[in-house]
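The structure under discussion appears below in the form of structure tokens.
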Amino acid sequence: MFKKIIYTIAIISCTNAFAQTKNFTQFVNPFVGTEKMGHTFPGATTPFGMVQLSPQTNVQTMYKDDGSYNSRTYEYCAGYQYADSTIIGFSHTNFSGTGHSDLGDFLVMPTVGKLVLDPLKTESGEKGFVSSFSHKNEMASPGYYKVKLDDYNISTELTASDRVGFHQYTFPKSEEAHIILDMVYNVYGYDDKNVWTFVRVENDSTVTGYRQTHGWARTRTVYFVMEFSKPFKSYGHKKYDKAKYNGFYRKFNEQENFPEMAGKEIRAYFNFDTKENEKISIKFALSSVSTEGAMKNLKAEIPHWDFEKTKAETQQKWNKELSKIEVKSITPEDKITFYTALYHTMLSPIIYEDVGGQYRGLDQNIHTSDGFTNYTIFSLWDTYRALHPLFNIIHPQRNNDMIKSMLAHHDQSVHKMLPIWSHYANENWCMIGYHATSVIADAIAKNVGDFDKNHALEASINTSNVNYFDGIGDYKKYHFVPEDKSSSSVSKTLEYAYDDWCIAQIAKSVDNTEVEKEYLKRSEYFKNVYDPSIGFMRPKLSDGKFRKEFDPLDTHGQGFIEGNAWNYGLYVPQNLDEMIAMMGGKERFSKHLDSLFTMELDDKYIEKNEDITRDGIMGNYVQGNEPGHHIPYLYNWTNKPYKTQERVRIIMDKMYGSKQDGLCGNDDAGQMSAWYIFSALGFYPVLPGSPNYALGSPLVEEAILHLDNGNSVKIIAKNQSTKNIYVKSVSVDGKKLNRNYITHDEVTKSKEIVFEMTSKKK
């Protein structure tokens with residue numbers, strides 16, 4: 001079927017030592033995605049680190065004064081927008097590339113001059129502690145960020161270990177130097193988001209405390225230890241909530257030099273005298289468990305005050321992870337795009353436990369991980385598609401730990417459910433489907449991990465039978481989700497059917513034929529929302545009739561979430577052959593795909609979707625959002641696989657880049673970047689839960705995958721160029737493939753895979 005490629009994946013039995021001697025961090029631009037709606041942050045973090053220490057450039061609350069939604073808050077999902085010229089401080093927790101948000105904990109801002117405790121403007125209208133900055137004086141690389149705060153002539157440098165943020169500020173000479181700890185600020189903040197804040201001044205250089213918030217995660221508590229390299233001469237705080245009752249604390253002047261601070265909204269300050277170019281450093285450790293846990297994290301990870309040492313150690317961590325894939329690219333810009341995408345795939349999920357293994361569980365109790373590292377931030381509607389499959393190649397042990405974290409989540413859940421979209425010991429219920437089942441099935445299909453498969457099957461079955469969750473009860477009753485009972489009904493039906501196929505694969509792996517048969521039957525429910533009279537998936541009502549009012553182009557209110565019938569309606573990865581036959585056969589389906597990529601989509605069809613913008617649209621195909629990421633590869637199931645090769649090369653060229661606008665939509669916790677990594681290497685997991693990858697058109701000239709199994713897999717695209725985008729043939733260990741897919745074992749265990757490129761369509 002696939003007679004057009006030669007691409008070489010060679011496994012060389014050697015260590016990764018040579019790769020690690022190279023500096024791969026030089027090819028990463030953390031500013032990629034910080035412009036427009038990529039929603040990435042440029043600050044300092046480690047691979048999968050708990051701390052994301054990054055600048056915040058503006059304050060946008062979630063609601064306007066009249067109570068309506070403030071659409072501008074969407075721009076600040078990661079706290080930073082490249083178009084801004086101001087900084088309000090540096091927070092320690094940030095999402096990367098999400099379409100909704102939270103976090104922004106513990107904003108720190110150095111200032112000089114008159115003490116001001118409001119970020120933008122004071123009540124009297126004077127300037128707040130915000131500072132202007134210039135991108136000319138700003139730089140970022142993996143694990144390091146630097147900027148000059150022009151209003152204060154303060155040079156800021158940031159780095160981090162896994163659980164500790166490390167600040168270094170170079171001050172001018174001043175008798176009025178301040179470091180502000182803003183406990184009011186939140187990403188996606190609003191009145192009363194802060195439930196409680198508590199701060200203790202332990203001595204003249206150590207501060208501890210915690211904050212509890214009610215946001216996307218409704219019960220989220222983060223503890224901290226803040227340690228200064230120099231004693232402060234005085235301190236104080238301002239409380240912004242008006243407590244009706246304060247007990248006998250009214251005896252004290254709590255605002256100045258009083259070592260306890262408590263309230264909903266607090267901004268604290270610490271005063272210093274500084275010499276010219278004097279450096280003051282801060283170590284800021286986090287914990288989900290306690291301030292004692294935060295202190296243990298601090299002492300274990302950064303017991304010293306050597307900023308350059310921590311910076312070097314963190315850059316070494318990044319270099320080790322980035323060196324797992326060595327690439328030779330057509331252009332220098334392609335190399336930056338590739339390694340930045342690889343960097344972005346390692347910003348989440350994040351480690352979520354103290355150095356001793358303690359973590360706060362979904363039940364809000366303290367647990368200790370046993371035989372695994374606990375992780376959080378599971379944006380599964382996005383990341384099951386390509387991010388977790390990528391981990392099964394280059395981070396199998398981490399993915400194993402992530403699955404064990406998901407199983408722990410299930411065990412702690414009062415609903416007995418695997419995570420849907422979870423972070424910081426909370427389930428936020430965002431998006432649809434129960435895609436932890438996909439992550440589990442994909443790991444099993446690729447023989448990754450030592451988690452308990454029977455436990456995983458039990459957890460998956462439990463999750464798929466919680467009748468009160470998002471239409472599952474109706475899905476089981478009607479064999480589809482009725483639109484008059486649950487919104488986004490078609491998307492839910494399609495995603496549930498796929499997830500059920502995954503459960504069948506898990507059952508098959510443990511020889512549970514009864515469950516396998518049951519869930520294979522459920523996986524066919526997609527047929528029940530297909531309307532052959534119009535050739536589209538379509539919302540159906542509980543009376544069995546299709547809804548009359550329907551526009552297959554509209555992305556709002558038509559039974560689909562963040563998509564329309566043209567693109568989301570093609571989501572049947574578990575049975576593509578039947579879907580294509582149902583839709584008229586290979587030739588007709590190929591023409592349908594052609595129309596999808598070339599038609600014009602009027603603005604009115606996307607105006608109500610924040611997550612769908614012109615930056616990520618090609619015709620009616622939306623690369624900037626996840627539901628269609630498999631679509632360019634669907635030509636492989638027709639008689640025209642060369643069109644897959646055309647489409648993926650165009651998408652990589654037009655919708656990804658090496659500068660700040662180099663993402664065509666939210667990176668969505670690494671999914672958008674994972675799509676690029678797979679596609680640049682020449683294959684893609686259209687069906688997670690299967691050991692096969694659909695072949696595409698590699699963008700790299702060469703790539704070497706340094707794998708945990710000890711093999712180094714070399715990928716060569718012969719005759720690679722910007723014009724030679726078609727694949728003449730593919731061979732594995734010298735044997736040509738007569739199919740349009742490659743297996744996981746071939747990717748990870750063979751000695752050589754060669755893609756031979758040509759300019760001729762075949």
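Labels used: A, B, ... for chains in the order of the structure tokens, numbers from 1 for residues in each chain, and numbers from 1 for ligands as shown.
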Per residue of region 68-103 of chain A within 9 Å of region 128-138 of chain A, record the nearest atom pair and its distance in Å to one decimal, counting only C-alpha atoms, with rows in chain order and ascending residue number, as JSON lines.
```
{"residue": "A:Tyr82", "atom": "CA", "partner": "A:His135", "partner_atom": "CA", "distance": 8.6}
{"residue": "A:Asp84", "atom": "CA", "partner": "A:Phe133", "partner_atom": "CA", "distance": 8.9}
{"residue": "A:Ser85", "atom": "CA", "partner": "A:Phe133", "partner_atom": "CA", "distance": 5.5}
{"residue": "A:Thr86", "atom": "CA", "partner": "A:Ser132", "partner_atom": "CA", "distance": 4.2}
{"residue": "A:Ile87", "atom": "CA", "partner": "A:Ser131", "partner_atom": "CA", "distance": 5.4}
{"residue": "A:Ile88", "atom": "CA", "partner": "A:Val130", "partner_atom": "CA", "distance": 4.4}
{"residue": "A:Gly89", "atom": "CA", "partner": "A:Val130", "partner_atom": "CA", "distance": 7.4}
```
Would you mind exporting the chosen residues as a PDB file, in the first residue's frame, restricted to N, CA and C atoms?
```pdb
ATOM      1  N   TYR A  82       3.732  38.167  25.091  1.00  0.00           N
ATOM      2  CA  TYR A  82       4.917  38.795  24.516  1.00  0.00           C
ATOM      3  C   TYR A  82       4.655  40.237  24.099  1.00  0.00           C
ATOM      4  N   ASP A  84       3.185  42.489  25.694  1.00  0.00           N
ATOM      5  CA  ASP A  84       3.233  43.408  26.836  1.00  0.00           C
ATOM      6  C   ASP A  84       4.635  43.977  27.028  1.00  0.00           C
ATOM      7  N   SER A  85       4.674  45.124  27.687  1.00  0.00           N
ATOM      8  CA  SER A  85       5.962  45.771  27.994  1.00  0.00           C
ATOM      9  C   SER A  85       6.107  46.023  29.488  1.00  0.00           C
ATOM     10  N   THR A  86       5.289  45.328  30.281  1.00  0.00           N
ATOM     11  CA  THR A  86       5.356  45.485  31.731  1.00  0.00           C
ATOM     12  C   THR A  86       5.431  44.123  32.406  1.00  0.00           C
ATOM     13  N   ILE A  87       5.976  44.124  33.607  1.00  0.00           N
ATOM     14  CA  ILE A  87       6.029  42.933  34.446  1.00  0.00           C
ATOM     15  C   ILE A  87       5.531  43.311  35.835  1.00  0.00           C
ATOM     16  N   ILE A  88       4.653  42.484  36.391  1.00  0.00           N
ATOM     17  CA  ILE A  88       4.145  42.752  37.743  1.00  0.00           C
ATOM     18  C   ILE A  88       4.802  41.847  38.779  1.00  0.00           C
ATOM     19  N   GLY A  89       5.599  40.888  38.323  1.00  0.00           N
ATOM     20  CA  GLY A  89       6.282  40.009  39.264  1.00  0.00           C
ATOM     21  C   GLY A  89       6.522  38.636  38.679  1.00  0.00           C
TER      22      GLY A  89
END
```
Based on DSSP run over this structure's backbone, return all residues of region 611-713 of chain A in strand (DSSP E or B), as number ranges by chain.
A: 617-618, 621-622, 656, 663, 683-684, 688, 690, 692-695, 702-706, 711-713
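With only C-alpha atoms taken into account, the protein and nucleic acid residues at most 9 Å from region 573-590 of chain A (excluding it and anything under 3 positions from it in its own chain) are Ala497, Tyr498, Trp501, Cys502, Ser523, Glu524, Phe526, Lys527, Tyr530, Pro532, Gly535, Phe536, Leu570, Leu593, Asp594, Ser595, His630, Leu634, Tyr635, Trp637, Thr638, Asn639, Lys640, Val686, Leu687, Pro688, Gly689 and Ser690 of chain A.
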How about saving the chosen residues, N, CA, C and O atoms kept, as a CSV table (one decimal), in the first residue's frame?
```csv
chain,number,residue,atom,x,y,z
A,497,ALA,N,-17.0,6.0,22.5
A,497,ALA,CA,-16.8,4.8,21.7
A,497,ALA,C,-15.4,4.4,21.6
A,497,ALA,O,-15.0,3.2,21.7
A,498,TYR,N,-14.5,5.4,21.3
A,498,TYR,CA,-13.1,5.2,21.2
A,498,TYR,C,-12.5,4.7,22.5
A,498,TYR,O,-11.8,3.7,22.6
A,501,TRP,N,-13.3,1.1,23.1
A,501,TRP,CA,-12.4,0.2,22.4
A,501,TRP,C,-11.1,0.1,23.2
A,501,TRP,O,-10.6,-1.1,23.2
A,502,CYS,N,-10.6,1.1,23.8
A,502,CYS,CA,-9.4,1.0,24.6
A,502,CYS,C,-9.6,0.1,25.8
A,502,CYS,O,-8.7,-0.7,26.1
A,523,SER,N,-18.0,0.1,21.6
A,523,SER,CA,-17.1,0.9,20.7
A,523,SER,C,-17.7,1.1,19.3
A,523,SER,O,-17.2,2.0,18.5
A,524,GLU,N,-18.8,0.4,19.0
A,524,GLU,CA,-19.5,0.6,17.7
A,524,GLU,C,-20.6,1.6,17.8
A,524,GLU,O,-21.3,1.9,16.8
A,526,PHE,N,-20.6,4.6,17.7
A,526,PHE,CA,-20.4,5.8,16.8
A,526,PHE,C,-21.4,5.7,15.6
A,526,PHE,O,-21.8,6.8,15.1
A,527,LYS,N,-21.8,4.6,15.2
A,527,LYS,CA,-22.7,4.4,14.0
A,527,LYS,C,-24.0,5.0,14.3
A,527,LYS,O,-24.7,5.5,13.3
A,530,TYR,N,-24.5,8.8,13.0
A,530,TYR,CA,-24.1,9.1,11.6
A,530,TYR,C,-25.5,9.1,10.9
A,530,TYR,O,-26.3,8.2,10.9
A,532,PRO,N,-26.8,9.1,7.3
A,532,PRO,CA,-26.4,8.8,5.9
A,532,PRO,C,-27.0,9.7,4.9
A,532,PRO,O,-26.6,9.8,3.7
A,535,GLY,N,-24.5,12.6,5.1
A,535,GLY,CA,-23.1,12.2,5.1
A,535,GLY,C,-22.3,12.7,6.3
A,535,GLY,O,-21.1,12.9,6.1
A,536,PHE,N,-23.0,13.1,7.4
A,536,PHE,CA,-22.2,13.7,8.5
A,536,PHE,C,-22.7,13.0,9.8
A,536,PHE,O,-23.9,12.6,9.9
A,570,LEU,N,-15.0,13.1,12.0
A,570,LEU,CA,-14.1,12.1,11.5
A,570,LEU,C,-13.4,11.4,12.6
A,570,LEU,O,-12.4,10.7,12.3
A,593,LEU,N,-11.9,14.8,2.4
A,593,LEU,CA,-10.7,15.4,3.0
A,593,LEU,C,-10.2,16.6,2.2
A,593,LEU,O,-9.8,17.6,2.8
A,594,ASP,N,-10.2,16.4,0.9
A,594,ASP,CA,-9.7,17.5,0.0
A,594,ASP,C,-10.5,18.8,0.3
A,594,ASP,O,-10.0,19.9,0.4
A,595,SER,N,-11.8,18.6,0.3
A,595,SER,CA,-12.7,19.7,0.6
A,595,SER,C,-12.4,20.3,2.0
A,595,SER,O,-12.4,21.6,2.1
A,630,HIS,N,-5.5,13.9,14.0
A,630,HIS,CA,-5.2,12.6,13.2
A,630,HIS,C,-5.6,12.8,11.8
A,630,HIS,O,-5.2,12.0,10.9
A,634,LEU,N,-5.3,10.6,7.6
A,634,LEU,CA,-6.4,9.7,7.1
A,634,LEU,C,-6.3,9.3,5.7
A,634,LEU,O,-6.9,8.3,5.2
A,635,TYR,N,-5.6,10.1,4.9
A,635,TYR,CA,-5.4,9.7,3.5
A,635,TYR,C,-4.7,8.3,3.4
A,635,TYR,O,-4.8,7.6,2.3
A,637,TRP,N,-5.7,5.8,4.7
A,637,TRP,CA,-6.7,4.8,4.7
A,637,TRP,C,-7.5,4.9,3.3
A,637,TRP,O,-8.5,4.2,3.2
A,638,THR,N,-7.1,5.7,2.4
A,638,THR,CA,-7.6,5.8,1.1
A,638,THR,C,-6.6,5.3,0.1
A,638,THR,O,-5.6,4.7,0.5
A,639,ASN,N,-6.8,5.6,-1.1
A,639,ASN,CA,-5.8,5.2,-2.2
A,639,ASN,C,-4.8,6.3,-2.4
A,639,ASN,O,-4.0,6.2,-3.4
A,640,LYS,N,-4.7,7.3,-1.6
A,640,LYS,CA,-3.9,8.5,-1.9
A,640,LYS,C,-3.1,8.9,-0.7
A,640,LYS,O,-3.2,10.0,-0.2
A,686,VAL,N,-2.1,7.6,15.1
A,686,VAL,CA,-3.6,7.9,14.8
A,686,VAL,C,-4.5,7.1,15.8
A,686,VAL,O,-5.5,7.6,16.2
A,687,LEU,N,-4.0,5.9,16.2
A,687,LEU,CA,-4.8,5.1,17.1
A,687,LEU,C,-4.1,4.7,18.3
A,687,LEU,O,-3.5,3.6,18.4
A,688,PRO,N,-4.0,5.6,19.3
A,688,PRO,CA,-3.4,5.2,20.6
A,688,PRO,C,-4.1,4.0,21.2
A,688,PRO,O,-5.4,3.9,21.2
A,689,GLY,N,-3.4,3.0,21.7
A,689,GLY,CA,-3.9,1.8,22.1
A,689,GLY,C,-3.6,0.6,21.1
A,689,GLY,O,-3.8,-0.5,21.4
A,690,SER,N,-3.0,1.1,20.0
A,690,SER,CA,-2.5,0.1,19.0
A,690,SER,C,-1.0,0.3,18.9
A,690,SER,O,-0.5,1.4,19.2
```
Residue contacts of Cys664 (chain A) (7 Å, only C-alpha atoms) excluding same-chain residues fewer than 2 positions away, as number ranges by chain:
A: 38, 615-616, 624, 655-656, 662
All residues 7 Å or closer to region 162-165 of chain A, only C-alpha atoms, same chain fewer than 2 positions away omitted, as a PDB file with N, CA, C and O atoms, in the first residue's frame:
```
ATOM      1  N   THR A  46      12.368  22.843  35.572  1.00  0.00           N
ATOM      2  CA  THR A  46      13.099  21.640  35.203  1.00  0.00           C
ATOM      3  C   THR A  46      12.176  20.755  34.365  1.00  0.00           C
ATOM      4  O   THR A  46      10.975  21.010  34.282  1.00  0.00           O
ATOM      5  N   GLY A  49       9.030  19.634  36.157  1.00  0.00           N
ATOM      6  CA  GLY A  49       9.250  20.184  37.485  1.00  0.00           C
ATOM      7  C   GLY A  49       7.991  20.744  38.126  1.00  0.00           C
ATOM      8  O   GLY A  49       7.094  21.268  37.455  1.00  0.00           O
ATOM      9  N   MET A  50       7.947  20.692  39.466  1.00  0.00           N
ATOM     10  CA  MET A  50       6.827  21.218  40.239  1.00  0.00           C
ATOM     11  C   MET A  50       6.784  22.743  40.214  1.00  0.00           C
ATOM     12  O   MET A  50       5.703  23.348  40.303  1.00  0.00           O
ATOM     13  N   VAL A  51       7.936  23.377  40.092  1.00  0.00           N
ATOM     14  CA  VAL A  51       8.024  24.837  40.083  1.00  0.00           C
ATOM     15  C   VAL A  51       8.152  25.326  38.644  1.00  0.00           C
ATOM     16  O   VAL A  51       8.967  24.816  37.872  1.00  0.00           O
ATOM     17  N   LEU A  53       8.774  28.975  37.501  1.00  0.00           N
ATOM     18  CA  LEU A  53       9.046  30.333  37.974  1.00  0.00           C
ATOM     19  C   LEU A  53       9.118  31.265  36.767  1.00  0.00           C
ATOM     20  O   LEU A  53      10.092  31.242  36.010  1.00  0.00           O
ATOM     21  N   HIS A  92       5.330  31.286  40.880  1.00  0.00           N
ATOM     22  CA  HIS A  92       6.021  30.003  40.981  1.00  0.00           C
ATOM     23  C   HIS A  92       5.265  28.835  40.371  1.00  0.00           C
ATOM     24  O   HIS A  92       5.816  27.729  40.309  1.00  0.00           O
ATOM     25  N   THR A 159      16.141  30.730  38.151  1.00  0.00           N
ATOM     26  CA  THR A 159      16.360  29.337  37.792  1.00  0.00           C
ATOM     27  C   THR A 159      15.547  28.500  38.780  1.00  0.00           C
ATOM     28  O   THR A 159      14.818  29.036  39.616  1.00  0.00           O
ATOM     29  N   ALA A 160      15.625  27.181  38.678  1.00  0.00           N
ATOM     30  CA  ALA A 160      14.804  26.340  39.542  1.00  0.00           C
ATOM     31  C   ALA A 160      15.361  24.932  39.605  1.00  0.00           C
ATOM     32  O   ALA A 160      15.992  24.448  38.662  1.00  0.00           O
ATOM     33  N   HIS A 167      15.666  32.783  42.887  1.00  0.00           N
ATOM     34  CA  HIS A 167      15.697  34.145  42.349  1.00  0.00           C
ATOM     35  C   HIS A 167      17.047  34.775  42.685  1.00  0.00           C
ATOM     36  O   HIS A 167      17.581  34.563  43.775  1.00  0.00           O
ATOM     37  N   LYS A 283      15.369  31.676  47.800  1.00  0.00           N
ATOM     38  CA  LYS A 283      15.000  30.295  47.486  1.00  0.00           C
ATOM     39  C   LYS A 283      13.559  30.102  47.937  1.00  0.00           C
ATOM     40  O   LYS A 283      13.232  30.389  49.096  1.00  0.00           O
ATOM     41  N   PHE A 284      12.734  29.623  47.032  1.00  0.00           N
ATOM     42  CA  PHE A 284      11.302  29.533  47.295  1.00  0.00           C
ATOM     43  C   PHE A 284      10.847  28.110  46.999  1.00  0.00           C
ATOM     44  O   PHE A 284      10.727  27.697  45.848  1.00  0.00           O
ATOM     45  N   ALA A 285      10.633  27.317  48.062  1.00  0.00           N
ATOM     46  CA  ALA A 285      10.294  25.904  47.920  1.00  0.00           C
ATOM     47  C   ALA A 285       8.791  25.692  48.077  1.00  0.00           C
ATOM     48  O   ALA A 285       8.141  26.353  48.887  1.00  0.00           O
ATOM     49  N   LEU A 286       8.246  24.746  47.300  1.00  0.00           N
ATOM     50  CA  LEU A 286       6.826  24.425  47.336  1.00  0.00           C
ATOM     51  C   LEU A 286       6.591  23.030  47.889  1.00  0.00           C
ATOM     52  O   LEU A 286       7.460  22.163  47.836  1.00  0.00           O
ATOM     53  N   ASN A 297      12.226  19.892  51.049  1.00  0.00           N
ATOM     54  CA  ASN A 297      12.505  20.012  49.620  1.00  0.00           C
ATOM     55  C   ASN A 297      13.629  21.008  49.366  1.00  0.00           C
ATOM     56  O   ASN A 297      14.528  20.764  48.554  1.00  0.00           O
ATOM     57  N   LEU A 298      13.574  22.135  50.080  1.00  0.00           N
ATOM     58  CA  LEU A 298      14.591  23.167  49.914  1.00  0.00           C
ATOM     59  C   LEU A 298      15.969  22.642  50.305  1.00  0.00           C
ATOM     60  O   LEU A 298      16.949  22.794  49.557  1.00  0.00           O
TER      61      LEU A 298
END
```
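Shortest atom-to-atom contact with Leu541 (chain A) among A:His479, A:Lys760, A:Lys453, A:Arg647: A:His479, counting only C-alpha atoms.
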How would you write, as number ranges by chain, the set of residues in region 384-628 of chain A that DSSP gives as helix (DSSP H, G or I)?
A: 387-394, 396-412, 436-445, 453-463, 472-478, 489-509, 513-522, 525-529, 568-570, 573-582, 586-598, 603-605, 614-616, 626-628
What's the 12 Å shell around Glu607 (chain A), counting only C-alpha atoms, without same-chain residues fewer than 5 positions away, as a list of chain:residue names?
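The contact residues come out as A:Asp554, A:Thr555, A:His556, A:Glu562, A:Gly563, A:Leu601, A:Asp602, A:Ile612, A:Thr613, A:Arg614.
Considering only C-alpha atoms, the residue among A:Leu418, A:Ala680, A:Met537, A:Ala441 positioned nearest to Asp500 (chain A) is A:Ala441.
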Mind checking which residues fall within 9 Å of Ser488 (chain A), counting only C-alpha atoms, ignoring those fewer than 4 positions away in the same chain, and posting them as a ChimeraX atom specification?
/A:432,481,483,492-493,539,557-561
Nearest to Asn203 (chain A) among A:Ser759, A:Asn374, A:Asn257, A:Asn400, with distances taken over only C-alpha atoms: which residue is it?
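Closest candidate: A:Asn257.
Each of A:Asn70, A:Thr221, A:Gln671, A:Ser489 was checked against Val529 (chain A) using only C-alpha atoms; the smallest atom-to-atom distance is that of A:Ser489.
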